Amino acid sequence: MNLYHFTLSTSKENLFNITSMVNDALSASGIKNGIVTIFCPHTTAGITINENADPSVVRDFLLGMKEAFPDRAEFRHIEGNSHAHLKASCVGASETVIAENGKLLLGTWQGIYFCEFDGPRTRSFYVKIMGE
Amino acid sequence: MNLYHFTLSTSKENLFNITSMVNDALSASGIKNGIVTIFCPHTTAGITINENADPSVVRDFLLGMKEAFPDRAEFRHIEGNSHAHLKASCVGASETVIAENGKLLLGTWQGIYFCEFDGPRTRSFYVKIMGE
Amino acid sequence: MNLYHFTLSTSKENLFNITSMVNDALSASGIKNGIVTIFCPHTTAGITINENADPSVVRDFLLGMKEAFPDRAEFRHIEGNSHAHLKASCVGASETVIAENGKLLLGTWQGIYFCEFDGPRTRSFYVKIMGE
């Protein structure tokens with residue numbers, strides 16, 4: 001089925017570079033060409049692709065997201081994490097990456113990130129590979 | 001072709017849980033394993049995945065999106081709905097979900113939502129299922 | 001492999017309608033039915049789907065994104081373009097479109113856009129077509 005499941009333990013709010021795990025899944029599948037879907041089954045977390053070099057990008061990203069989607073006194077969701085739900089929908093629950101000759105077709109500076117907006121928690125994500 | 005088309009009538013600005021419709025499409029296709037693409041052909045609406053339990057999440061989501069992407073006096077688009085176009089690009093026109101053993105591989109709290117940002121209108125969306 | 005690579009030269013910050021290039025790729029593949037993934041390999045640019053008619057929508061979109069994700073004095077990323085990284089994650093690195101009878105299944109007003117948030121630069125994007 002070429003479906004892989006990974007778990008990770010998160011801190012309060014952070015981005016986790018999962019590129020090597022996605023690469024491992026692609027290698028394990030033996031598929032050379034196709035598309036790879038990375039899916040997050042949580043509603044206060046998501047998947048995004050962004051810079052893998054300067055850690056300041058992740059820090060600034062979390063700061064900018066907090067400013068765009070702050071916690072608000074008017075929010076009514078009893079768990080108090082509506083801002084995390086907003087961030088999750090903004091980055092999205094999944095990313096799709098192209099596989100070429102057995103490798104992820106990413107740009108030089110791109111990494112695949114699991115975005116935790118409401119940790120710390122035990123989280124998981126799926127990697128599904130569709131060959132052509 | 002495993003392509004399904006659904007219509008819905010929307011209210012002014014709201015999220016509509018379409019998970020059961022996507023499930024129906026998956027069942028009708030007979031495909032057990034693969035990926036499911038839910039696509040919105042409109043430019044002031046979109047598809048997102050978020051919590052299916054507490055209705056306050058949807059309410060807070062719409063409020064938070066309005067604060068992040070408010071209507072602005074400087075906008076020039078003559079239809080006056082540029083804020084809805086922004087929201088549509090933020091959540092995105094589609095979502096991709098994994099199918100496993102004939103079921104959508106969603107998290108316990110996840111629902112698939114059609115996001116209306118500029119209703120009321122008659123809207124539609126497509127579900128495409130790719131088997132492996 | 002049904003994988004196509006396009007390059008474009010961008011201005012400072014703008015949206016480029018790439019629908020016809022994606023259509024060309026679909027035609028070249030000869031695939032009639034399936035899904036089309038458009039992927040951006042950069043971290044300060046992205047792909048979105050939005051209105052193709054009134055140019056004011058693009059103008060208002062860039063304005064609204066700048067207000068939601070402004071440059072901030074607190075940002076530390078030395079390249080000074082953290083706001084562009086935020087916008088890239090908000091619109092996302094890819095879009096998935098359905099192919100039906102050899103054509104992109106887009107709504108009447110939808111166009112596929114390459115979003116430059118930190119130009120001018122020479123950029124590229126990939127189109128991958130998966131037939132069923």
# chains A, B, ... in the order shown; residues from 1 in each chain; ligands from 1

$ calpha_fit_and_write --fixed "chain B" --moving "chain C" --output "compact mmCIF listing (two decimals) with N, CA and C atoms, in the first residue's frame"
# COMPACT_ATOMS: atom_id res chain seq x y z
N MET C 1 -14.01 7.01 -14.43
CA MET C 1 -13.09 8.12 -14.18
C MET C 1 -13.01 8.45 -12.68
N ASN C 2 -13.90 7.85 -11.89
CA ASN C 2 -13.83 8.08 -10.44
C ASN C 2 -13.82 9.57 -10.09
N LEU C 3 -14.66 10.31 -10.81
CA LEU C 3 -14.79 11.75 -10.58
C LEU C 3 -16.24 12.05 -10.21
N TYR C 4 -16.43 12.74 -9.09
CA TYR C 4 -17.76 13.00 -8.56
C TYR C 4 -17.97 14.49 -8.35
N HIS C 5 -19.18 14.95 -8.61
CA HIS C 5 -19.50 16.37 -8.54
C HIS C 5 -20.66 16.58 -7.58
N PHE C 6 -20.48 17.46 -6.63
CA PHE C 6 -21.52 17.73 -5.64
C PHE C 6 -21.88 19.22 -5.66
N THR C 7 -23.12 19.53 -5.39
CA THR C 7 -23.52 20.93 -5.27
C THR C 7 -24.06 21.19 -3.87
N LEU C 8 -23.96 22.43 -3.46
CA LEU C 8 -24.53 22.82 -2.16
C LEU C 8 -24.96 24.28 -2.21
N SER C 9 -25.94 24.62 -1.39
CA SER C 9 -26.42 26.00 -1.26
C SER C 9 -25.85 26.54 0.03
N THR C 10 -25.18 27.68 -0.08
CA THR C 10 -24.48 28.21 1.09
C THR C 10 -25.19 29.42 1.69
N SER C 11 -24.85 29.71 2.93
CA SER C 11 -25.26 30.96 3.58
C SER C 11 -24.13 31.98 3.40
N LYS C 12 -24.26 33.14 4.03
CA LYS C 12 -23.33 34.26 3.80
C LYS C 12 -21.87 33.87 3.90
N GLU C 13 -21.50 33.37 5.07
CA GLU C 13 -20.11 32.99 5.30
C GLU C 13 -20.13 31.86 6.30
N ASN C 14 -19.69 30.68 5.88
CA ASN C 14 -19.81 29.53 6.78
C ASN C 14 -18.94 28.39 6.29
N LEU C 15 -18.82 27.39 7.16
CA LEU C 15 -18.12 26.16 6.79
C LEU C 15 -19.13 25.02 6.77
N PHE C 16 -19.06 24.19 5.73
CA PHE C 16 -20.00 23.08 5.58
C PHE C 16 -19.23 21.77 5.63
N ASN C 17 -19.60 20.91 6.54
CA ASN C 17 -18.93 19.62 6.69
C ASN C 17 -19.35 18.70 5.54
N ILE C 18 -18.42 18.39 4.65
CA ILE C 18 -18.71 17.58 3.46
C ILE C 18 -18.07 16.19 3.55
N THR C 19 -17.65 15.82 4.75
CA THR C 19 -16.95 14.54 4.92
C THR C 19 -17.78 13.36 4.42
N SER C 20 -19.08 13.38 4.75
CA SER C 20 -19.90 12.22 4.36
C SER C 20 -20.06 12.14 2.84
N MET C 21 -20.08 13.29 2.17
CA MET C 21 -20.16 13.28 0.70
C MET C 21 -18.87 12.73 0.09
N VAL C 22 -17.75 13.09 0.67
CA VAL C 22 -16.47 12.57 0.17
C VAL C 22 -16.39 11.06 0.42
N ASN C 23 -16.89 10.64 1.57
CA ASN C 23 -16.96 9.20 1.87
C ASN C 23 -17.84 8.47 0.87
N ASP C 24 -18.98 9.08 0.53
CA ASP C 24 -19.88 8.47 -0.45
C ASP C 24 -19.18 8.28 -1.79
N ALA C 25 -18.42 9.30 -2.20
CA ALA C 25 -17.72 9.22 -3.47
C ALA C 25 -16.69 8.08 -3.45
N LEU C 26 -15.97 7.99 -2.33
CA LEU C 26 -14.97 6.93 -2.21
C LEU C 26 -15.63 5.56 -2.29
N SER C 27 -16.75 5.40 -1.59
CA SER C 27 -17.47 4.12 -1.63
C SER C 27 -17.94 3.80 -3.04
N ALA C 28 -18.49 4.80 -3.72
CA ALA C 28 -19.02 4.59 -5.07
C ALA C 28 -17.92 4.17 -6.05
N SER C 29 -16.72 4.66 -5.82
CA SER C 29 -15.62 4.34 -6.74
C SER C 29 -15.18 2.89 -6.62
N GLY C 30 -15.38 2.32 -5.45
CA GLY C 30 -14.91 0.96 -5.23
C GLY C 30 -13.41 0.87 -4.98
N ILE C 31 -12.74 2.01 -5.00
CA ILE C 31 -11.29 2.02 -4.78
C ILE C 31 -11.00 1.85 -3.29
N LYS C 32 -10.02 1.00 -3.00
CA LYS C 32 -9.70 0.71 -1.60
C LYS C 32 -8.52 1.56 -1.10
N ASN C 33 -7.49 1.66 -1.92
CA ASN C 33 -6.29 2.36 -1.48
C ASN C 33 -5.82 3.35 -2.54
N GLY C 34 -5.48 4.55 -2.08
CA GLY C 34 -5.03 5.58 -3.01
C GLY C 34 -5.13 6.94 -2.37
N ILE C 35 -5.35 7.96 -3.21
CA ILE C 35 -5.54 9.31 -2.66
C ILE C 35 -6.80 9.95 -3.23
N VAL C 36 -7.38 10.82 -2.43
CA VAL C 36 -8.65 11.47 -2.76
C VAL C 36 -8.41 12.98 -2.80
N THR C 37 -8.70 13.61 -3.93
CA THR C 37 -8.55 15.06 -4.05
C THR C 37 -9.93 15.70 -4.04
N ILE C 38 -10.13 16.66 -3.14
CA ILE C 38 -11.38 17.42 -3.08
C ILE C 38 -11.06 18.81 -3.61
N PHE C 39 -11.73 19.22 -4.69
CA PHE C 39 -11.36 20.46 -5.39
C PHE C 39 -12.55 21.41 -5.49
N CYS C 40 -12.29 22.67 -5.14
CA CYS C 40 -13.31 23.72 -5.19
C CYS C 40 -13.08 24.59 -6.42
N PRO C 41 -14.04 24.68 -7.35
CA PRO C 41 -13.84 25.44 -8.59
C PRO C 41 -14.22 26.92 -8.49
N HIS C 42 -14.29 27.45 -7.29
CA HIS C 42 -14.66 28.85 -7.07
C HIS C 42 -13.47 29.63 -6.51
N THR C 43 -13.52 30.96 -6.63
CA THR C 43 -12.37 31.78 -6.19
C THR C 43 -12.64 32.57 -4.91
N THR C 44 -13.83 32.44 -4.36
CA THR C 44 -14.11 33.06 -3.06
C THR C 44 -14.63 32.00 -2.08
N ALA C 45 -14.17 30.78 -2.29
CA ALA C 45 -14.50 29.65 -1.43
C ALA C 45 -13.30 28.72 -1.47
N GLY C 46 -13.26 27.74 -0.57
CA GLY C 46 -12.13 26.82 -0.56
C GLY C 46 -12.46 25.57 0.22
N ILE C 47 -11.46 24.71 0.37
CA ILE C 47 -11.61 23.45 1.10
C ILE C 47 -10.59 23.44 2.23
N THR C 48 -11.03 23.05 3.43
CA THR C 48 -10.08 22.89 4.52
C THR C 48 -10.46 21.68 5.35
N ILE C 49 -9.53 21.27 6.19
CA ILE C 49 -9.77 20.17 7.13
C ILE C 49 -9.59 20.75 8.52
N ASN C 50 -10.61 20.59 9.37
CA ASN C 50 -10.49 21.09 10.74
C ASN C 50 -11.42 20.33 11.67
N GLU C 51 -11.57 20.80 12.89
CA GLU C 51 -12.28 20.03 13.92
C GLU C 51 -13.76 19.87 13.62
N ASN C 52 -14.25 18.65 13.84
CA ASN C 52 -15.64 18.30 13.55
C ASN C 52 -16.53 18.22 14.78
N ALA C 53 -15.99 18.58 15.94
CA ALA C 53 -16.74 18.34 17.18
C ALA C 53 -17.41 19.61 17.71
N ASP C 54 -16.66 20.55 18.20
CA ASP C 54 -17.22 21.75 18.81
C ASP C 54 -17.53 22.81 17.75
N PRO C 55 -18.80 23.19 17.59
CA PRO C 55 -19.16 24.21 16.59
C PRO C 55 -18.47 25.55 16.83
N SER C 56 -17.99 25.78 18.04
CA SER C 56 -17.28 27.03 18.33
C SER C 56 -16.00 27.15 17.51
N VAL C 57 -15.43 26.04 17.13
CA VAL C 57 -14.20 26.11 16.32
C VAL C 57 -14.49 26.78 14.98
N VAL C 58 -15.59 26.41 14.36
CA VAL C 58 -15.97 27.03 13.08
C VAL C 58 -16.24 28.52 13.27
N ARG C 59 -16.98 28.85 14.31
CA ARG C 59 -17.29 30.26 14.60
C ARG C 59 -16.00 31.06 14.82
N ASP C 60 -15.11 30.52 15.65
CA ASP C 60 -13.86 31.21 15.94
C ASP C 60 -12.98 31.29 14.69
N PHE C 61 -13.02 30.25 13.87
CA PHE C 61 -12.24 30.24 12.63
C PHE C 61 -12.66 31.39 11.72
N LEU C 62 -13.96 31.55 11.53
CA LEU C 62 -14.45 32.63 10.66
C LEU C 62 -14.10 34.00 11.23
N LEU C 63 -14.18 34.12 12.55
CA LEU C 63 -13.82 35.37 13.21
C LEU C 63 -12.33 35.68 13.03
N GLY C 64 -11.49 34.68 13.26
CA GLY C 64 -10.05 34.88 13.14
C GLY C 64 -9.62 35.17 11.70
N MET C 65 -10.30 34.55 10.74
CA MET C 65 -9.99 34.81 9.33
C MET C 65 -10.39 36.24 8.95
N LYS C 66 -11.50 36.69 9.50
CA LYS C 66 -11.96 38.06 9.22
C LYS C 66 -10.99 39.09 9.79
N GLU C 67 -10.41 38.78 10.93
CA GLU C 67 -9.44 39.69 11.53
C GLU C 67 -8.12 39.69 10.75
N ALA C 68 -7.72 38.51 10.27
CA ALA C 68 -6.45 38.41 9.53
C ALA C 68 -6.58 39.01 8.12
N PHE C 69 -7.76 38.81 7.52
CA PHE C 69 -7.99 39.28 6.15
C PHE C 69 -9.27 40.11 6.09
N PRO C 70 -9.24 41.29 6.71
CA PRO C 70 -10.46 42.13 6.73
C PRO C 70 -10.71 42.80 5.38
N ASP C 71 -11.93 43.26 5.19
CA ASP C 71 -12.20 44.14 4.05
C ASP C 71 -11.42 45.44 4.29
N ARG C 72 -10.86 46.02 3.23
CA ARG C 72 -10.04 47.21 3.39
C ARG C 72 -10.50 48.30 2.42
N ALA C 73 -10.45 49.53 2.89
CA ALA C 73 -10.87 50.66 2.06
C ALA C 73 -10.01 50.78 0.81
N GLU C 74 -8.74 50.33 0.90
CA GLU C 74 -7.82 50.47 -0.23
C GLU C 74 -8.09 49.45 -1.34
N PHE C 75 -8.88 48.43 -1.07
CA PHE C 75 -9.14 47.42 -2.09
C PHE C 75 -9.88 48.03 -3.26
N ARG C 76 -9.54 47.61 -4.50
CA ARG C 76 -10.13 48.19 -5.70
C ARG C 76 -11.05 47.27 -6.48
N HIS C 77 -10.99 45.96 -6.18
CA HIS C 77 -11.81 44.99 -6.93
C HIS C 77 -13.27 45.40 -6.82
N ILE C 78 -13.90 45.59 -7.97
CA ILE C 78 -15.20 46.25 -8.01
C ILE C 78 -16.31 45.43 -7.34
N GLU C 79 -16.10 44.10 -7.26
CA GLU C 79 -17.12 43.29 -6.60
C GLU C 79 -17.09 43.43 -5.08
N GLY C 80 -16.02 44.05 -4.56
CA GLY C 80 -15.98 44.31 -3.13
C GLY C 80 -15.75 43.09 -2.26
N ASN C 81 -15.22 42.01 -2.84
CA ASN C 81 -15.01 40.79 -2.04
C ASN C 81 -13.56 40.32 -2.07
N SER C 82 -12.63 41.26 -2.12
CA SER C 82 -11.21 40.87 -2.14
C SER C 82 -10.82 40.11 -0.88
N HIS C 83 -11.44 40.45 0.24
CA HIS C 83 -11.14 39.71 1.47
C HIS C 83 -11.49 38.22 1.31
N ALA C 84 -12.56 37.94 0.57
CA ALA C 84 -12.95 36.54 0.34
C ALA C 84 -11.93 35.83 -0.57
N HIS C 85 -11.40 36.55 -1.55
CA HIS C 85 -10.35 35.97 -2.42
C HIS C 85 -9.10 35.64 -1.59
N LEU C 86 -8.77 36.51 -0.65
CA LEU C 86 -7.60 36.26 0.21
C LEU C 86 -7.81 35.02 1.09
N LYS C 87 -8.98 34.93 1.67
CA LYS C 87 -9.28 33.76 2.52
C LYS C 87 -9.23 32.47 1.69
N ALA C 88 -9.74 32.55 0.46
CA ALA C 88 -9.74 31.37 -0.41
C ALA C 88 -8.32 30.89 -0.69
N SER C 89 -7.41 31.83 -0.98
CA SER C 89 -6.03 31.42 -1.23
C SER C 89 -5.34 30.93 0.03
N CYS C 90 -5.75 31.45 1.17
CA CYS C 90 -5.14 31.03 2.43
C CYS C 90 -5.50 29.58 2.76
N VAL C 91 -6.76 29.21 2.67
CA VAL C 91 -7.12 27.81 2.96
C VAL C 91 -6.83 26.91 1.76
N GLY C 92 -6.89 27.46 0.55
CA GLY C 92 -6.56 26.69 -0.64
C GLY C 92 -7.77 26.10 -1.32
N ALA C 93 -7.63 25.83 -2.61
CA ALA C 93 -8.73 25.33 -3.44
C ALA C 93 -8.95 23.84 -3.30
N SER C 94 -8.02 23.13 -2.67
CA SER C 94 -8.18 21.67 -2.59
C SER C 94 -7.55 21.11 -1.32
N GLU C 95 -7.93 19.89 -1.03
CA GLU C 95 -7.28 19.09 0.01
C GLU C 95 -7.06 17.70 -0.57
N THR C 96 -6.02 17.05 -0.11
CA THR C 96 -5.75 15.67 -0.51
C THR C 96 -5.78 14.79 0.73
N VAL C 97 -6.55 13.71 0.65
CA VAL C 97 -6.71 12.79 1.77
C VAL C 97 -6.32 11.39 1.30
N ILE C 98 -5.77 10.61 2.19
CA ILE C 98 -5.37 9.24 1.87
C ILE C 98 -6.57 8.29 2.04
N ALA C 99 -6.72 7.35 1.11
CA ALA C 99 -7.72 6.29 1.25
C ALA C 99 -7.03 5.00 1.64
N GLU C 100 -7.54 4.36 2.71
CA GLU C 100 -6.95 3.09 3.18
C GLU C 100 -8.07 2.10 3.44
N ASN C 101 -8.00 0.96 2.76
CA ASN C 101 -9.03 -0.08 2.92
C ASN C 101 -10.44 0.47 2.71
N GLY C 102 -10.59 1.34 1.75
CA GLY C 102 -11.90 1.86 1.40
C GLY C 102 -12.41 2.97 2.29
N LYS C 103 -11.57 3.44 3.22
CA LYS C 103 -11.99 4.52 4.12
C LYS C 103 -11.03 5.71 4.05
N LEU C 104 -11.57 6.90 4.31
CA LEU C 104 -10.72 8.09 4.39
C LEU C 104 -9.87 7.99 5.65
N LEU C 105 -8.57 8.19 5.48
CA LEU C 105 -7.66 8.11 6.62
C LEU C 105 -7.58 9.47 7.30
N LEU C 106 -8.63 9.80 8.07
CA LEU C 106 -8.70 11.07 8.78
C LEU C 106 -8.45 10.84 10.27
N GLY C 107 -7.96 11.87 10.96
CA GLY C 107 -7.85 11.80 12.40
C GLY C 107 -9.23 11.84 13.04
N THR C 108 -9.30 11.41 14.29
CA THR C 108 -10.57 11.31 15.03
C THR C 108 -11.39 12.61 14.98
N TRP C 109 -10.70 13.73 15.10
CA TRP C 109 -11.41 15.01 15.21
C TRP C 109 -11.48 15.76 13.88
N GLN C 110 -10.97 15.15 12.81
CA GLN C 110 -10.94 15.86 11.53
C GLN C 110 -12.22 15.70 10.70
N GLY C 111 -12.68 16.81 10.16
CA GLY C 111 -13.74 16.82 9.17
C GLY C 111 -13.26 17.60 7.96
N ILE C 112 -13.81 17.29 6.79
CA ILE C 112 -13.48 18.03 5.57
C ILE C 112 -14.56 19.09 5.38
N TYR C 113 -14.14 20.34 5.19
CA TYR C 113 -15.10 21.45 5.12
C TYR C 113 -15.02 22.21 3.80
N PHE C 114 -16.20 22.53 3.26
CA PHE C 114 -16.31 23.50 2.18
C PHE C 114 -16.44 24.86 2.85
N CYS C 115 -15.54 25.79 2.51
CA CYS C 115 -15.51 27.11 3.14
C CYS C 115 -16.15 28.14 2.22
N GLU C 116 -17.27 28.68 2.62
CA GLU C 116 -17.92 29.77 1.88
C GLU C 116 -17.50 31.09 2.48
N PHE C 117 -16.85 31.92 1.67
CA PHE C 117 -16.42 33.22 2.18
C PHE C 117 -17.19 34.38 1.54
N ASP C 118 -18.13 34.06 0.65
CA ASP C 118 -18.83 35.14 -0.05
C ASP C 118 -20.21 34.72 -0.54
N GLY C 119 -20.98 34.09 0.33
CA GLY C 119 -22.31 33.64 -0.06
C GLY C 119 -23.37 34.67 0.25
N PRO C 120 -24.62 34.30 0.18
CA PRO C 120 -25.07 32.95 -0.20
C PRO C 120 -25.00 32.72 -1.71
N ARG C 121 -24.60 31.50 -2.07
CA ARG C 121 -24.51 31.13 -3.48
C ARG C 121 -24.78 29.64 -3.64
N THR C 122 -25.04 29.25 -4.89
CA THR C 122 -25.03 27.83 -5.22
C THR C 122 -23.60 27.48 -5.60
N ARG C 123 -23.03 26.54 -4.90
CA ARG C 123 -21.63 26.19 -5.08
C ARG C 123 -21.50 24.71 -5.46
N SER C 124 -20.33 24.32 -5.88
CA SER C 124 -20.09 22.91 -6.14
C SER C 124 -18.65 22.56 -5.81
N PHE C 125 -18.39 21.28 -5.72
CA PHE C 125 -17.00 20.82 -5.56
C PHE C 125 -16.87 19.44 -6.20
N TYR C 126 -15.63 19.08 -6.52
CA TYR C 126 -15.33 17.81 -7.16
C TYR C 126 -14.56 16.90 -6.20
N VAL C 127 -14.78 15.61 -6.35
CA VAL C 127 -13.99 14.61 -5.64
C VAL C 127 -13.41 13.66 -6.68
N LYS C 128 -12.10 13.57 -6.70
CA LYS C 128 -11.41 12.69 -7.65
C LYS C 128 -10.63 11.64 -6.87
N ILE C 129 -10.82 10.39 -7.24
CA ILE C 129 -10.15 9.32 -6.50
C ILE C 129 -9.17 8.60 -7.41
N MET C 130 -7.93 8.53 -6.96
CA MET C 130 -6.87 7.85 -7.70
C MET C 130 -6.49 6.58 -6.95
N GLY C 131 -6.74 5.43 -7.54
CA GLY C 131 -6.34 4.17 -6.91
C GLY C 131 -4.90 3.83 -7.26
N GLU C 132 -4.31 2.98 -6.43
CA GLU C 132 -2.92 2.63 -6.75
C GLU C 132 -2.90 1.32 -7.52

$ select_by_dssp --residues "segment 17-131 of chain B" --states "helix (DSSP H, G or I)" --output "PyMOL selection string"
chain B and resi 19-29+55-68+82-91

$ select_by_dssp --residues "chain C" --states "strand (DSSP E or B)" --output "number ranges by chain"
C: 3-9, 14-17, 34-39, 45-51, 94-100, 103-104, 110-116, 122-131
